[in-house]
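J.: Structure file target-v7.cif (mmCIF, C-alpha atoms) right here:
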data_final
#
loop_
_atom_site.label_atom_id
_atom_site.label_comp_id
_atom_site.auth_asym_id
_atom_site.auth_seq_id
_atom_site.Cartn_x
_atom_site.Cartn_y
_atom_site.Cartn_z
CA MET A 1 -154.29 4.88 83.87
CA LEU A 2 -151.94 3.40 81.27
CA ARG A 3 -149.18 5.69 80.05
CA SER A 4 -147.81 5.09 76.58
CA LEU A 5 -144.04 5.22 76.24
CA ARG A 6 -142.18 5.66 72.99
CA PHE A 7 -138.84 5.67 74.78
CA LEU A 8 -138.97 3.91 78.11
CA LEU A 9 -137.34 6.18 80.59
CA LEU A 10 -135.09 4.46 83.02
CA ALA A 11 -133.65 5.71 86.18
CA GLY A 12 -131.16 2.91 85.56
CA GLN A 13 -129.57 4.98 82.86
CA ALA A 14 -128.66 7.66 85.36
CA VAL A 15 -128.64 5.99 88.78
CA ALA A 16 -125.99 3.70 90.20
CA PRO A 17 -126.79 -0.02 89.65
CA SER A 18 -126.77 -0.65 93.40
CA LEU A 19 -129.58 1.89 93.85
CA LEU A 20 -131.44 0.47 90.86
CA ALA A 21 -131.41 -2.99 92.38
CA ALA A 22 -133.16 -1.65 95.49
CA GLN A 23 -135.93 0.13 93.58
CA PRO A 24 -138.60 -2.16 92.12
CA ALA A 25 -139.58 -1.27 88.56
CA PRO A 26 -143.20 -0.27 87.92
CA PRO A 27 -145.44 -2.74 86.07
CA LEU A 28 -144.78 -2.76 82.36
CA LEU A 29 -146.93 -3.88 79.45
CA LEU A 30 -144.93 -4.89 76.38
CA VAL A 31 -146.72 -4.86 73.04
CA PRO A 32 -144.46 -6.35 70.32
CA ASP A 33 -145.37 -7.47 66.82
CA ARG A 34 -144.48 -11.07 67.67
CA ILE A 35 -143.33 -13.24 70.53
CA VAL A 36 -140.78 -16.07 70.27
CA ASP A 37 -141.27 -17.85 73.57
CA GLY A 38 -138.14 -20.04 73.61
CA SER A 39 -140.00 -23.34 73.28
CA GLY A 40 -139.44 -23.75 69.54
CA ALA A 41 -143.06 -22.99 68.75
CA ALA A 42 -143.78 -20.65 65.84
CA PRO A 43 -143.80 -16.93 66.63
CA ARG A 44 -147.10 -15.69 68.06
CA THR A 45 -148.73 -12.41 67.16
CA GLY A 46 -151.53 -10.34 68.70
CA LEU A 47 -150.27 -10.81 72.26
CA ALA A 48 -148.95 -8.52 74.97
CA VAL A 49 -146.79 -9.36 77.99
CA LEU A 50 -147.37 -7.89 81.44
CA VAL A 51 -144.29 -7.69 83.66
CA ASP A 52 -144.47 -6.93 87.38
CA SER A 53 -142.17 -7.51 90.36
CA GLY A 54 -139.46 -8.99 88.17
CA ARG A 55 -141.63 -11.66 86.58
CA ILE A 56 -143.98 -12.22 83.68
CA VAL A 57 -147.53 -11.95 85.00
CA ALA A 58 -149.50 -12.56 81.81
CA VAL A 59 -149.04 -13.42 78.14
CA ALA A 60 -152.37 -12.81 76.42
CA PRO A 61 -154.25 -10.57 74.00
CA ARG A 62 -153.82 -6.98 75.16
CA ALA A 63 -157.52 -6.37 75.74
CA SER A 64 -157.78 -9.31 78.12
CA ILE A 65 -154.91 -8.29 80.43
CA ARG A 66 -155.90 -6.50 83.63
CA THR A 67 -153.16 -4.00 84.41
CA PRO A 68 -152.34 -2.17 87.64
CA ARG A 69 -153.03 1.59 87.65
CA ASP A 70 -149.36 2.56 87.45
CA THR A 71 -148.58 0.29 84.51
CA ARG A 72 -146.43 1.74 81.77
CA VAL A 73 -146.92 0.65 78.19
CA LEU A 74 -144.13 0.05 75.71
CA GLU A 75 -145.47 -0.02 72.16
CA LEU A 76 -143.08 -2.08 70.03
CA PRO A 77 -144.06 -2.01 66.35
CA GLY A 78 -141.77 -4.01 64.07
CA THR A 79 -140.17 -5.95 66.91
CA THR A 80 -139.85 -9.46 68.30
CA LEU A 81 -139.90 -10.23 72.03
CA LEU A 82 -137.74 -13.17 73.18
CA PRO A 83 -136.39 -14.52 76.44
CA GLY A 84 -133.03 -13.01 77.37
CA LEU A 85 -130.31 -15.04 75.69
CA ILE A 86 -127.98 -17.44 77.53
CA ASP A 87 -124.33 -18.18 76.74
CA LEU A 88 -123.14 -21.37 78.44
CA HIS A 89 -119.44 -21.03 77.68
CA SER A 90 -117.84 -17.71 78.49
CA HIS A 91 -114.62 -16.44 80.03
CA VAL A 92 -115.36 -12.98 81.37
CA LEU A 93 -111.80 -12.60 82.69
CA LEU A 94 -110.26 -13.04 79.23
CA HIS A 95 -110.26 -10.70 76.25
CA PRO A 96 -109.63 -11.40 72.55
CA TYR A 97 -106.40 -13.22 71.77
CA ASN A 98 -105.64 -10.92 68.85
CA GLU A 99 -105.38 -8.10 71.41
CA VAL A 100 -103.17 -9.94 73.90
CA PRO A 101 -102.26 -13.67 73.64
CA TRP A 102 -103.59 -15.97 76.33
CA ASP A 103 -100.14 -16.57 77.85
CA GLU A 104 -99.56 -12.85 78.30
CA GLN A 105 -102.98 -12.27 79.81
CA VAL A 106 -102.34 -15.00 82.38
CA LEU A 107 -98.75 -13.96 83.17
CA ARG A 108 -98.66 -10.18 82.71
CA GLU A 109 -102.09 -8.78 83.51
CA GLY A 110 -102.69 -8.38 87.23
CA LEU A 111 -105.82 -9.54 88.98
CA GLY A 112 -107.06 -5.98 89.45
CA GLU A 113 -106.77 -5.25 85.74
CA ARG A 114 -108.47 -8.49 84.82
CA VAL A 115 -111.41 -7.87 87.16
CA ALA A 116 -111.73 -4.32 85.85
CA ARG A 117 -111.84 -5.63 82.30
CA ALA A 118 -114.42 -8.24 83.33
CA THR A 119 -116.80 -5.58 84.64
CA VAL A 120 -116.71 -3.92 81.22
CA HIS A 121 -117.20 -7.28 79.51
CA LEU A 122 -120.26 -8.05 81.62
CA ALA A 123 -121.92 -4.71 80.87
CA ARG A 124 -121.35 -5.15 77.14
CA THR A 125 -122.78 -8.65 77.25
CA LEU A 126 -125.97 -7.53 78.97
CA ASP A 127 -126.32 -4.66 76.51
CA ALA A 128 -126.25 -7.23 73.69
CA GLY A 129 -129.25 -9.08 75.13
CA PHE A 130 -127.47 -11.92 76.96
CA THR A 131 -128.98 -11.90 80.42
CA THR A 132 -127.35 -15.11 81.73
CA LEU A 133 -123.78 -16.41 81.39
CA ARG A 134 -122.10 -19.61 82.51
CA ASP A 135 -118.43 -18.77 83.04
CA LEU A 136 -116.25 -21.85 82.61
CA GLY A 137 -112.95 -20.95 84.19
CA THR A 138 -111.09 -17.90 85.40
CA GLU A 139 -107.88 -18.84 83.55
CA GLY A 140 -105.47 -17.92 86.30
CA ALA A 141 -107.72 -15.46 88.16
CA GLY A 142 -108.52 -17.81 91.04
CA SER A 143 -111.98 -17.26 92.52
CA ALA A 144 -112.53 -13.85 90.92
CA ASP A 145 -115.66 -15.10 89.17
CA VAL A 146 -117.22 -15.92 92.54
CA GLY A 147 -116.70 -12.30 93.59
CA LEU A 148 -118.08 -11.00 90.30
CA ARG A 149 -121.17 -13.19 90.75
CA ALA A 150 -121.73 -11.64 94.18
CA ALA A 151 -121.26 -8.10 92.85
CA LEU A 152 -123.78 -8.75 90.08
CA ALA A 153 -126.33 -10.26 92.46
CA LYS A 154 -126.03 -7.26 94.79
CA GLY A 155 -126.39 -4.75 91.95
CA VAL A 156 -122.90 -3.34 92.48
CA ILE A 157 -122.13 -3.69 88.76
CA PRO A 158 -124.41 -4.25 85.75
CA GLY A 159 -124.31 -7.51 83.86
CA PRO A 160 -125.95 -10.88 83.30
CA ARG A 161 -126.73 -13.31 86.07
CA LEU A 162 -123.56 -15.39 86.36
CA VAL A 163 -123.08 -19.12 86.91
CA VAL A 164 -119.43 -19.85 87.71
CA ALA A 165 -116.95 -22.72 87.57
CA GLU A 166 -114.09 -21.04 89.44
CA GLN A 167 -110.90 -22.74 88.13
CA ALA A 168 -110.99 -25.55 85.61
CA ILE A 169 -109.43 -28.84 86.74
CA VAL A 170 -106.65 -30.23 84.54
CA MET A 171 -104.37 -33.26 84.53
CA ARG A 172 -100.96 -32.41 85.99
CA GLY A 173 -98.50 -31.50 83.27
CA SER A 174 -101.10 -30.98 80.56
CA TYR A 175 -102.02 -27.30 80.83
CA ALA A 176 -99.94 -24.15 81.36
CA PRO A 177 -98.26 -21.32 79.49
CA ARG A 178 -95.72 -22.88 77.13
CA GLY A 179 -92.14 -22.31 76.05
CA PHE A 180 -90.39 -22.01 79.41
CA ALA A 181 -87.36 -23.95 80.59
CA PRO A 182 -88.28 -27.11 82.54
CA GLU A 183 -86.90 -25.70 85.80
CA VAL A 184 -88.99 -22.53 85.55
CA ARG A 185 -92.28 -22.69 87.43
CA VAL A 186 -95.02 -20.59 85.90
CA PRO A 187 -98.67 -20.13 86.96
CA ILE A 188 -100.79 -22.99 85.67
CA ALA A 189 -103.99 -20.92 85.14
CA ALA A 190 -106.07 -23.90 86.32
CA GLU A 191 -106.10 -26.41 89.17
CA GLU A 192 -103.96 -29.49 88.64
CA ALA A 193 -104.75 -33.02 89.74
CA GLY A 194 -102.35 -35.89 89.20
CA ASN A 195 -104.36 -38.85 90.47
CA LEU A 196 -107.79 -39.86 91.70
CA PRO A 197 -107.48 -38.58 95.30
CA GLU A 198 -106.18 -35.23 94.05
CA LEU A 199 -109.02 -34.96 91.54
CA VAL A 200 -111.64 -35.66 94.19
CA SER A 201 -109.97 -33.14 96.50
CA ALA A 202 -109.95 -30.52 93.72
CA VAL A 203 -113.67 -30.98 93.07
CA ARG A 204 -114.49 -30.66 96.75
CA GLY A 205 -112.24 -27.63 97.10
CA GLN A 206 -113.94 -25.81 94.25
CA ILE A 207 -117.34 -26.56 95.72
CA ALA A 208 -116.14 -25.09 99.02
CA ARG A 209 -114.90 -21.94 97.28
CA GLY A 210 -118.28 -21.33 95.67
CA ALA A 211 -118.34 -22.97 92.24
CA ASP A 212 -121.81 -23.54 90.78
CA VAL A 213 -120.52 -26.03 88.21
CA ILE A 214 -117.35 -28.10 87.98
CA LYS A 215 -115.29 -28.08 84.78
CA VAL A 216 -112.75 -30.79 84.01
CA TYR A 217 -110.47 -31.10 81.01
CA ALA A 218 -111.04 -34.62 79.67
CA ASP A 219 -108.26 -34.04 77.15
CA TYR A 220 -105.76 -31.40 76.16
CA ARG A 221 -102.79 -30.71 73.92
CA TRP A 222 -100.24 -32.72 75.94
CA GLY A 223 -99.27 -35.41 73.43
CA PRO A 224 -95.54 -35.82 72.62
CA ASP A 225 -96.12 -33.92 69.38
CA GLY A 226 -98.39 -31.33 70.97
CA SER A 227 -101.53 -33.12 69.86
CA ALA A 228 -104.69 -33.30 71.95
CA GLN A 229 -104.83 -36.54 73.96
CA PRO A 230 -107.13 -37.89 76.67
CA ALA A 231 -106.18 -36.92 80.22
CA PHE A 232 -108.27 -38.48 82.96
CA THR A 233 -109.50 -42.07 82.91
CA VAL A 234 -113.18 -43.00 82.90
CA GLU A 235 -112.81 -44.08 86.55
CA GLU A 236 -111.37 -40.72 87.53
CA LEU A 237 -113.97 -38.74 85.63
CA ARG A 238 -116.76 -40.86 87.06
CA ALA A 239 -115.55 -40.16 90.60
CA ALA A 240 -115.46 -36.43 89.89
CA VAL A 241 -119.00 -36.58 88.49
CA GLU A 242 -120.18 -38.48 91.55
CA ILE A 243 -118.75 -35.91 93.96
CA ALA A 244 -120.16 -32.97 92.00
CA THR A 245 -123.56 -34.63 91.64
CA SER A 246 -123.66 -35.42 95.35
CA SER A 247 -123.36 -31.69 96.01
CA GLY A 248 -126.15 -30.86 93.57
CA ARG A 249 -123.78 -29.50 90.93
CA PRO A 250 -123.21 -30.65 87.36
CA LEU A 251 -119.80 -31.52 85.98
CA VAL A 252 -118.93 -30.48 82.44
CA ALA A 253 -116.01 -31.57 80.32
CA HIS A 254 -113.73 -29.82 77.89
CA ALA A 255 -113.25 -32.52 75.28
CA SER A 256 -112.07 -32.17 71.70
CA THR A 257 -110.94 -35.73 70.91
CA ALA A 258 -113.20 -38.67 70.22
CA GLU A 259 -111.68 -40.65 73.09
CA GLY A 260 -111.90 -37.77 75.53
CA MET A 261 -115.54 -37.30 74.56
CA ARG A 262 -116.22 -41.03 74.91
CA ARG A 263 -114.70 -41.19 78.39
CA ALA A 264 -116.54 -38.07 79.53
CA THR A 265 -119.84 -39.40 78.21
CA LEU A 266 -119.40 -42.76 79.91
CA ALA A 267 -118.55 -40.94 83.15
CA GLY A 268 -121.87 -39.07 83.06
CA VAL A 269 -120.88 -35.47 82.45
CA GLN A 270 -123.68 -33.01 81.79
CA THR A 271 -122.22 -31.24 78.76
CA ILE A 272 -119.27 -31.66 76.46
CA GLU A 273 -117.64 -28.39 75.51
CA HIS A 274 -116.19 -28.10 71.98
CA GLY A 275 -116.50 -31.69 70.68
CA ASP A 276 -114.38 -30.97 67.59
CA GLY A 277 -113.26 -34.56 67.03
CA GLY A 278 -116.60 -36.24 67.60
CA THR A 279 -117.35 -39.29 65.48
CA PRO A 280 -120.79 -40.69 64.57
CA GLU A 281 -120.22 -43.41 67.18
CA VAL A 282 -119.37 -40.93 69.93
CA PHE A 283 -122.27 -38.66 69.05
CA ALA A 284 -124.59 -41.68 69.09
CA LEU A 285 -123.33 -42.49 72.60
CA MET A 286 -123.92 -38.90 73.70
CA ARG A 287 -127.46 -39.07 72.34
CA GLU A 288 -128.07 -42.34 74.17
CA ARG A 289 -126.72 -41.00 77.48
CA GLY A 290 -128.39 -37.59 77.20
CA VAL A 291 -125.12 -35.64 77.13
CA ILE A 292 -125.51 -32.19 75.59
CA LEU A 293 -123.02 -30.63 73.18
CA VAL A 294 -121.88 -27.03 73.54
CA PRO A 295 -119.91 -26.70 70.29
CA THR A 296 -118.30 -23.23 70.72
CA VAL A 297 -117.95 -22.75 66.96
CA ALA A 298 -117.28 -19.01 67.22
CA ALA A 299 -113.99 -19.42 69.08
CA GLY A 300 -112.34 -21.58 66.44
CA HIS A 301 -113.73 -19.35 63.73
CA ALA A 302 -112.17 -16.31 65.42
CA ILE A 303 -108.80 -18.01 65.93
CA ALA A 304 -108.69 -18.93 62.24
CA GLN A 305 -109.17 -15.24 61.44
CA TYR A 306 -106.41 -14.25 63.85
CA GLY A 307 -104.20 -16.56 61.77
CA GLY A 308 -104.89 -14.53 58.65
CA TRP A 309 -107.99 -16.09 57.13
CA THR A 310 -110.81 -13.82 56.00
CA PRO A 311 -114.25 -15.48 55.73
CA GLY A 312 -115.42 -15.52 52.12
CA SER A 313 -111.96 -14.84 50.76
CA GLY A 314 -111.16 -18.43 49.83
CA PRO A 315 -111.40 -22.02 51.05
CA GLU A 316 -112.12 -22.45 54.73
CA PRO A 317 -109.16 -23.56 56.86
CA THR A 318 -109.04 -27.25 57.72
CA ARG A 319 -110.03 -26.52 61.32
CA VAL A 320 -113.13 -24.62 60.27
CA ARG A 321 -114.20 -27.30 57.78
CA ALA A 322 -113.73 -30.00 60.40
CA LYS A 323 -115.81 -28.06 62.92
CA ARG A 324 -118.58 -27.60 60.39
CA ALA A 325 -118.56 -31.37 59.78
CA SER A 326 -118.63 -32.22 63.50
CA VAL A 327 -121.66 -30.01 64.12
CA ARG A 328 -123.42 -31.64 61.19
CA ALA A 329 -122.58 -35.11 62.55
CA ALA A 330 -123.95 -34.17 65.97
CA LEU A 331 -127.18 -32.92 64.40
CA ASP A 332 -127.49 -36.08 62.31
CA ALA A 333 -127.04 -38.19 65.45
CA GLY A 334 -129.78 -36.29 67.28
CA VAL A 335 -127.50 -34.79 69.93
CA THR A 336 -129.00 -31.85 71.79
CA ILE A 337 -127.04 -28.68 71.07
CA ALA A 338 -126.90 -25.80 73.53
CA ASN A 339 -125.46 -22.35 72.95
CA GLY A 340 -122.01 -21.54 74.25
CA SER A 341 -119.52 -19.41 72.37
CA ASP A 342 -116.22 -19.39 74.33
CA VAL A 343 -116.47 -15.61 74.28
CA GLY A 344 -113.32 -14.06 75.65
CA VAL A 345 -111.45 -15.68 72.79
CA PHE A 346 -113.33 -13.05 70.79
CA THR A 347 -115.02 -9.80 71.80
CA HIS A 348 -117.48 -9.70 74.68
CA GLY A 349 -120.84 -8.38 73.54
CA ASP A 350 -120.44 -10.15 70.19
CA ASN A 351 -121.86 -13.39 71.67
CA VAL A 352 -124.53 -13.62 68.96
CA ARG A 353 -121.72 -14.60 66.57
CA GLU A 354 -122.14 -18.16 67.87
CA LEU A 355 -125.82 -18.27 66.90
CA GLU A 356 -125.09 -16.91 63.44
CA LEU A 357 -122.46 -19.59 62.89
CA LEU A 358 -124.68 -22.36 64.24
CA VAL A 359 -127.22 -21.40 61.58
CA ASP A 360 -124.48 -21.33 58.96
CA TYR A 361 -123.40 -24.81 60.14
CA GLY A 362 -126.85 -26.36 59.80
CA LEU A 363 -129.28 -25.27 62.52
CA THR A 364 -132.40 -23.32 61.66
CA PRO A 365 -132.69 -19.85 63.21
CA MET A 366 -135.37 -21.19 65.55
CA GLN A 367 -133.15 -24.09 66.63
CA ALA A 368 -130.36 -21.66 67.39
CA ILE A 369 -132.69 -19.46 69.45
CA VAL A 370 -133.93 -22.49 71.41
CA ALA A 371 -130.29 -23.51 72.01
CA ALA A 372 -129.75 -20.09 73.62
CA THR A 373 -132.97 -19.99 75.62
CA SER A 374 -134.94 -23.00 76.91
CA THR A 375 -132.25 -25.60 76.17
CA ALA A 376 -129.57 -23.50 77.83
CA ALA A 377 -131.87 -22.95 80.81
CA ARG A 378 -132.35 -26.70 81.07
CA VAL A 379 -128.57 -27.12 81.20
CA LEU A 380 -128.55 -24.62 84.08
CA ARG A 381 -131.25 -26.72 85.78
CA ALA A 382 -133.56 -23.73 85.95
CA THR A 383 -137.07 -24.62 87.07
CA ASP A 384 -138.52 -21.11 87.30
CA GLY A 385 -139.14 -20.50 83.60
CA LEU A 386 -135.75 -18.98 82.77
CA GLY A 387 -135.30 -19.05 79.00
CA GLU A 388 -139.06 -18.96 78.36
CA ILE A 389 -141.84 -16.44 77.94
CA ARG A 390 -144.72 -17.72 80.04
CA ASP A 391 -146.67 -16.76 83.12
CA GLY A 392 -144.41 -16.73 86.17
CA ALA A 393 -141.11 -16.79 84.31
CA PRO A 394 -138.35 -14.31 85.19
CA ALA A 395 -138.69 -11.07 83.23
CA ASP A 396 -135.25 -11.35 81.62
CA LEU A 397 -136.29 -10.30 78.13
CA LEU A 398 -134.84 -9.21 74.81
CA ILE A 399 -136.61 -7.07 72.23
CA VAL A 400 -135.09 -6.88 68.75
CA ARG A 401 -136.14 -5.17 65.56
CA GLY A 402 -137.24 -7.57 62.85
CA ASP A 403 -137.82 -11.31 62.99
CA PRO A 404 -134.82 -13.43 64.08
CA THR A 405 -136.62 -16.64 63.13
CA ALA A 406 -136.43 -15.45 59.52
CA ASN A 407 -132.92 -14.01 59.79
CA VAL A 408 -130.90 -14.76 62.90
CA ARG A 409 -128.85 -11.60 62.37
CA ALA A 410 -131.85 -9.65 63.64
CA LEU A 411 -130.62 -10.60 67.12
CA ARG A 412 -127.95 -7.95 66.63
CA ASP A 413 -130.53 -5.19 66.20
CA VAL A 414 -131.29 -4.84 69.90
CA HIS A 415 -134.12 -2.49 70.81
CA THR A 416 -134.57 -3.05 74.56
CA VAL A 417 -133.22 -5.40 77.23
CA LEU A 418 -134.99 -6.16 80.50
CA GLN A 419 -133.45 -7.84 83.50
CA ARG A 420 -135.66 -8.88 86.41
CA GLY A 421 -138.34 -6.63 85.01
CA SER A 422 -136.19 -3.48 84.82
CA VAL A 423 -135.13 -1.99 81.51
CA VAL A 424 -131.33 -2.12 81.44
CA ARG A 425 -131.01 -1.04 77.81
CA ALA A 426 -133.52 1.51 76.60
CA PRO A 427 -134.48 2.03 72.94
CA ARG A 428 -131.89 3.81 70.82
#
Using the file provided, produce a representation of the structure as structure tokens.

T.:
Amino acid sequence: MLRSLRFLLLAGQAVAPSLLAAQPAPPLLLVPDRIVDGSGAAPRTGLAVLVDSGRIVAVAPRASIRTPRDTRVLELPGTTLLPGLIDLHSHVLLHPYNEVPWDEQVLREGLGERVARATVHLARTLDAGFTTLRDLGTEGAGSADVGLRAALAKGVIPGPRLVVAEQAIVMRGSYAPRGFAPEVRVPIAAEEAGNLPELVSAVRGQIARGADVIKVYADYRWGPDGSAQPAFTVEELRAAVEIATSSGRPLVAHASTAEGMRRATLAGVQTIEHGDGGTPEVFALMRERGVILVPTVAAGHAIAQYGGWTPGSGPEPTRVRAKRASVRAALDAGVTIANGSDVGVFTHGDNVRELELLVDYGLTPMQAIVAATSTAARVLRATDGLGEIRDGAPADLLIVRGDPTANVRALRDVHTVLQRGSVVRAPR
């Protein structure tokens, strides 16, 4: 017999996550006002979703769904059901730079403190409806993300499923805390490579240590005047891509200059992170080669505010205007955009800021949602329906009040979050 639930009761609210992971959730019938399935199709109404054994069993009119006897029903008037959101560019071992500058986090916060902070960050992120993260570099914390991924998978701590890059790979001499005397050796906060053999060795080493994805800095602020300049050559980047691809892993590139983006695209990277200096020609090349842009607009927007700018208080800073223009140029060129915020630069759990800004910069709310669901899942090479609401897909689900396709800010009004079919945030 179906039991109606106004407030879904969860042992997960009172039981240790490790115990929760071992106890399968009962079947659950979700009855929202509308469903946004992640495909870009218009919201659908009059449907219910049956969840059992961690997956979506049926998406159909309520009367046509055959439910097991112990099924619980969650009536959801006024809500929208979506796939759990995905953020493809996070740094769970960092916290906002207006709290503690990056240099000080890397040099003064011990590994134990950073991991402890990361566990809090992960819980906040899941609570906000982001059920999958791609973490693109531990920034001096070694392989800590590999350990966090294991703890999450075992149910030791709550948080999103985690795809990790371990340490980013940088050109020797281009990346480190600044302002020290030349003879002083400080932690680099990444893995350095000075030539092709070292780069290939770094890629293979990260694969051995458990990286799911390889991240390389195609450029960085190492010009004589502190400007961003290309780092690795096309030949070097292509070799790194070949090694990563041979292992079944993608390689992604930090690139903010047009030349760094061009080289990375020619080398065959999967995604370009940031892309601030993209030109119409470079974006056209990305479109031709199928390289996806993860623009991380929220990070630059936050840094501008740390510098004293208040949105709406006057003209946008040059950096913000330039970023707005680059996103527009990518859209005009037909480049696929996927969601990634660079969270860690700003507050964990506020990941939806990226989607709000993408809409402000020219995407429709639906395009932003797709960027954070099915497109992001495609970047992660998911083949099981992650990022979609369909039969057989993982039951990583987000329920929000209102209609985010009409106003993307509705994604902030989280009602319920499910992960693998279990409610991890109950209605409040």

J.: Which is closer to Arg117 (chain A) than all the others in A:Val297, A:Thr347, A:Gly402, A:Ala48, using only C-alpha atoms?

T.: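 Closest candidate: A:Thr347.
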
J.: List as a list in words: which residues have an atom within 8 Å of (-104.5, -27.7, 76.0), counting only C-alpha atoms?

T.: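 Output of the proximity query reads Ser174, Tyr175, Ala176, Asp219, Tyr220, Arg221, Trp222 and Ala228 of chain A.
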
J.: For Val335 (chain A), which of A:Asp52, A:Glu281, A:Glu191, A:Glu166 is the closest residue, counting only C-alpha atoms?

T.: A:Glu281

J.: Exactly which residues make up the result of the PyMOL selection byres ((chain A and resi 29-37) around 8) on this file, given as an MDAnalysis selection string?

T.: chainID A and resid 27:28 38:51 62 67 71:83 388:390

J.: Filtering to C-alpha atoms, could you give me those residues as a CSV table (one decimal), in the frame of the given file?

T.:
chain,number,residue,atom,x,y,z
A,27,PRO,CA,-145.4,-2.7,86.1
A,28,LEU,CA,-144.8,-2.8,82.4
A,38,GLY,CA,-138.1,-20.0,73.6
A,39,SER,CA,-140.0,-23.3,73.3
A,40,GLY,CA,-139.4,-23.8,69.5
A,41,ALA,CA,-143.1,-23.0,68.8
A,42,ALA,CA,-143.8,-20.6,65.8
A,43,PRO,CA,-143.8,-16.9,66.6
A,44,ARG,CA,-147.1,-15.7,68.1
A,45,THR,CA,-148.7,-12.4,67.2
A,46,GLY,CA,-151.5,-10.3,68.7
A,47,LEU,CA,-150.3,-10.8,72.3
A,48,ALA,CA,-149.0,-8.5,75.0
A,49,VAL,CA,-146.8,-9.4,78.0
A,50,LEU,CA,-147.4,-7.9,81.4
A,51,VAL,CA,-144.3,-7.7,83.7
A,62,ARG,CA,-153.8,-7.0,75.2
A,67,THR,CA,-153.2,-4.0,84.4
A,71,THR,CA,-148.6,0.3,84.5
A,72,ARG,CA,-146.4,1.7,81.8
A,73,VAL,CA,-146.9,0.6,78.2
A,74,LEU,CA,-144.1,0.0,75.7
A,75,GLU,CA,-145.5,0.0,72.2
A,76,LEU,CA,-143.1,-2.1,70.0
A,77,PRO,CA,-144.1,-2.0,66.4
A,78,GLY,CA,-141.8,-4.0,64.1
A,79,THR,CA,-140.2,-6.0,66.9
A,80,THR,CA,-139.8,-9.5,68.3
A,81,LEU,CA,-139.9,-10.2,72.0
A,82,LEU,CA,-137.7,-13.2,73.2
A,83,PRO,CA,-136.4,-14.5,76.4
A,388,GLU,CA,-139.1,-19.0,78.4
A,389,ILE,CA,-141.8,-16.4,77.9
A,390,ARG,CA,-144.7,-17.7,80.0

J.: Any idea what the distance is between CA of Leu397 (chain A) and CA of Pro160 (chain A)?

T.: 11.6 Å

J.: Which of these residues is nearest to Gln229 (chain A), using all atoms listed in the file: A:Leu358, A:Val92, A:Met261, A:Ile243?

T.: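 Nearest to Gln229 (chain A): A:Met261.
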
J.: Using all atoms listed in the file, which residue out of A:Ala189, A:Ala231, A:Val327, A:Ala264 lies closest to Val294 (chain A)?

T.: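 For Val294 (chain A), the nearest of the candidates is A:Val327.
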
J.: When you look at Thr138 (chain A) with a cut-off of 10 Å (counting only C-alpha atoms), what residues show up, excluding the ones that are within fewer than 4 positions of it in the same chain? I need them as a PyMOL selection string.

T.: chain A and resi 90-94+106+114+142-146+164-168+189-190

J.: State, in Å with one decimal place, the distance from CA of Gly129 (chain A) to CA of His301 (chain A).

T.: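 CA of His301 (chain A) lies at a distance of 21.8 Å from CA of Gly129 (chain A).
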
J.: Show which residues sit within 7 Å of Ala218 (chain A), as a VMD selection string. Count all atoms listed in the file, and ignore same-chain residues fewer than 5 positions away.

T.: chain A and resid 230 to 232 253 to 255 260 264

J.: Can you list what the PyMOL selection byres ((chain A and resi 89) around 12) grabs from this structure, as a PyMOL selection string?

T.: chain A and resi 86-88+90-92+132-138+162-165+213+215+252-254+271-274+293-299+338-345+348+351+354+372+376+379-380

J.: Based on the selection just made, write C-alpha atoms of those residues as a short mmCIF file (atom, residue, chain, number, x, y, z; two decimals), keeping the file's coordinate frame.

T.:
data_model
loop_
_atom_site.label_atom_id
_atom_site.label_comp_id
_atom_site.auth_asym_id
_atom_site.auth_seq_id
_atom_site.Cartn_x
_atom_site.Cartn_y
_atom_site.Cartn_z
CA ILE A 86 -127.98 -17.44 77.53
CA ASP A 87 -124.33 -18.18 76.74
CA LEU A 88 -123.14 -21.37 78.44
CA SER A 90 -117.84 -17.71 78.49
CA HIS A 91 -114.62 -16.44 80.03
CA VAL A 92 -115.36 -12.98 81.37
CA THR A 132 -127.35 -15.11 81.73
CA LEU A 133 -123.78 -16.41 81.39
CA ARG A 134 -122.10 -19.61 82.51
CA ASP A 135 -118.43 -18.77 83.04
CA LEU A 136 -116.25 -21.85 82.61
CA GLY A 137 -112.95 -20.95 84.19
CA THR A 138 -111.09 -17.90 85.40
CA LEU A 162 -123.56 -15.39 86.36
CA VAL A 163 -123.08 -19.12 86.91
CA VAL A 164 -119.43 -19.85 87.71
CA ALA A 165 -116.95 -22.72 87.57
CA VAL A 213 -120.52 -26.03 88.21
CA LYS A 215 -115.29 -28.08 84.78
CA VAL A 252 -118.93 -30.48 82.44
CA ALA A 253 -116.01 -31.57 80.32
CA HIS A 254 -113.73 -29.82 77.89
CA THR A 271 -122.22 -31.24 78.76
CA ILE A 272 -119.27 -31.66 76.46
CA GLU A 273 -117.64 -28.39 75.51
CA HIS A 274 -116.19 -28.10 71.98
CA LEU A 293 -123.02 -30.63 73.18
CA VAL A 294 -121.88 -27.03 73.54
CA PRO A 295 -119.91 -26.70 70.29
CA THR A 296 -118.30 -23.23 70.72
CA VAL A 297 -117.95 -22.75 66.96
CA ALA A 298 -117.28 -19.01 67.22
CA ALA A 299 -113.99 -19.42 69.08
CA ALA A 338 -126.90 -25.80 73.53
CA ASN A 339 -125.46 -22.35 72.95
CA GLY A 340 -122.01 -21.54 74.25
CA SER A 341 -119.52 -19.41 72.37
CA ASP A 342 -116.22 -19.39 74.33
CA VAL A 343 -116.47 -15.61 74.28
CA GLY A 344 -113.32 -14.06 75.65
CA VAL A 345 -111.45 -15.68 72.79
CA HIS A 348 -117.48 -9.70 74.68
CA ASN A 351 -121.86 -13.39 71.67
CA GLU A 354 -122.14 -18.16 67.87
CA ALA A 372 -129.75 -20.09 73.62
CA ALA A 376 -129.57 -23.50 77.83
CA VAL A 379 -128.57 -27.12 81.20
CA LEU A 380 -128.55 -24.62 84.08
#
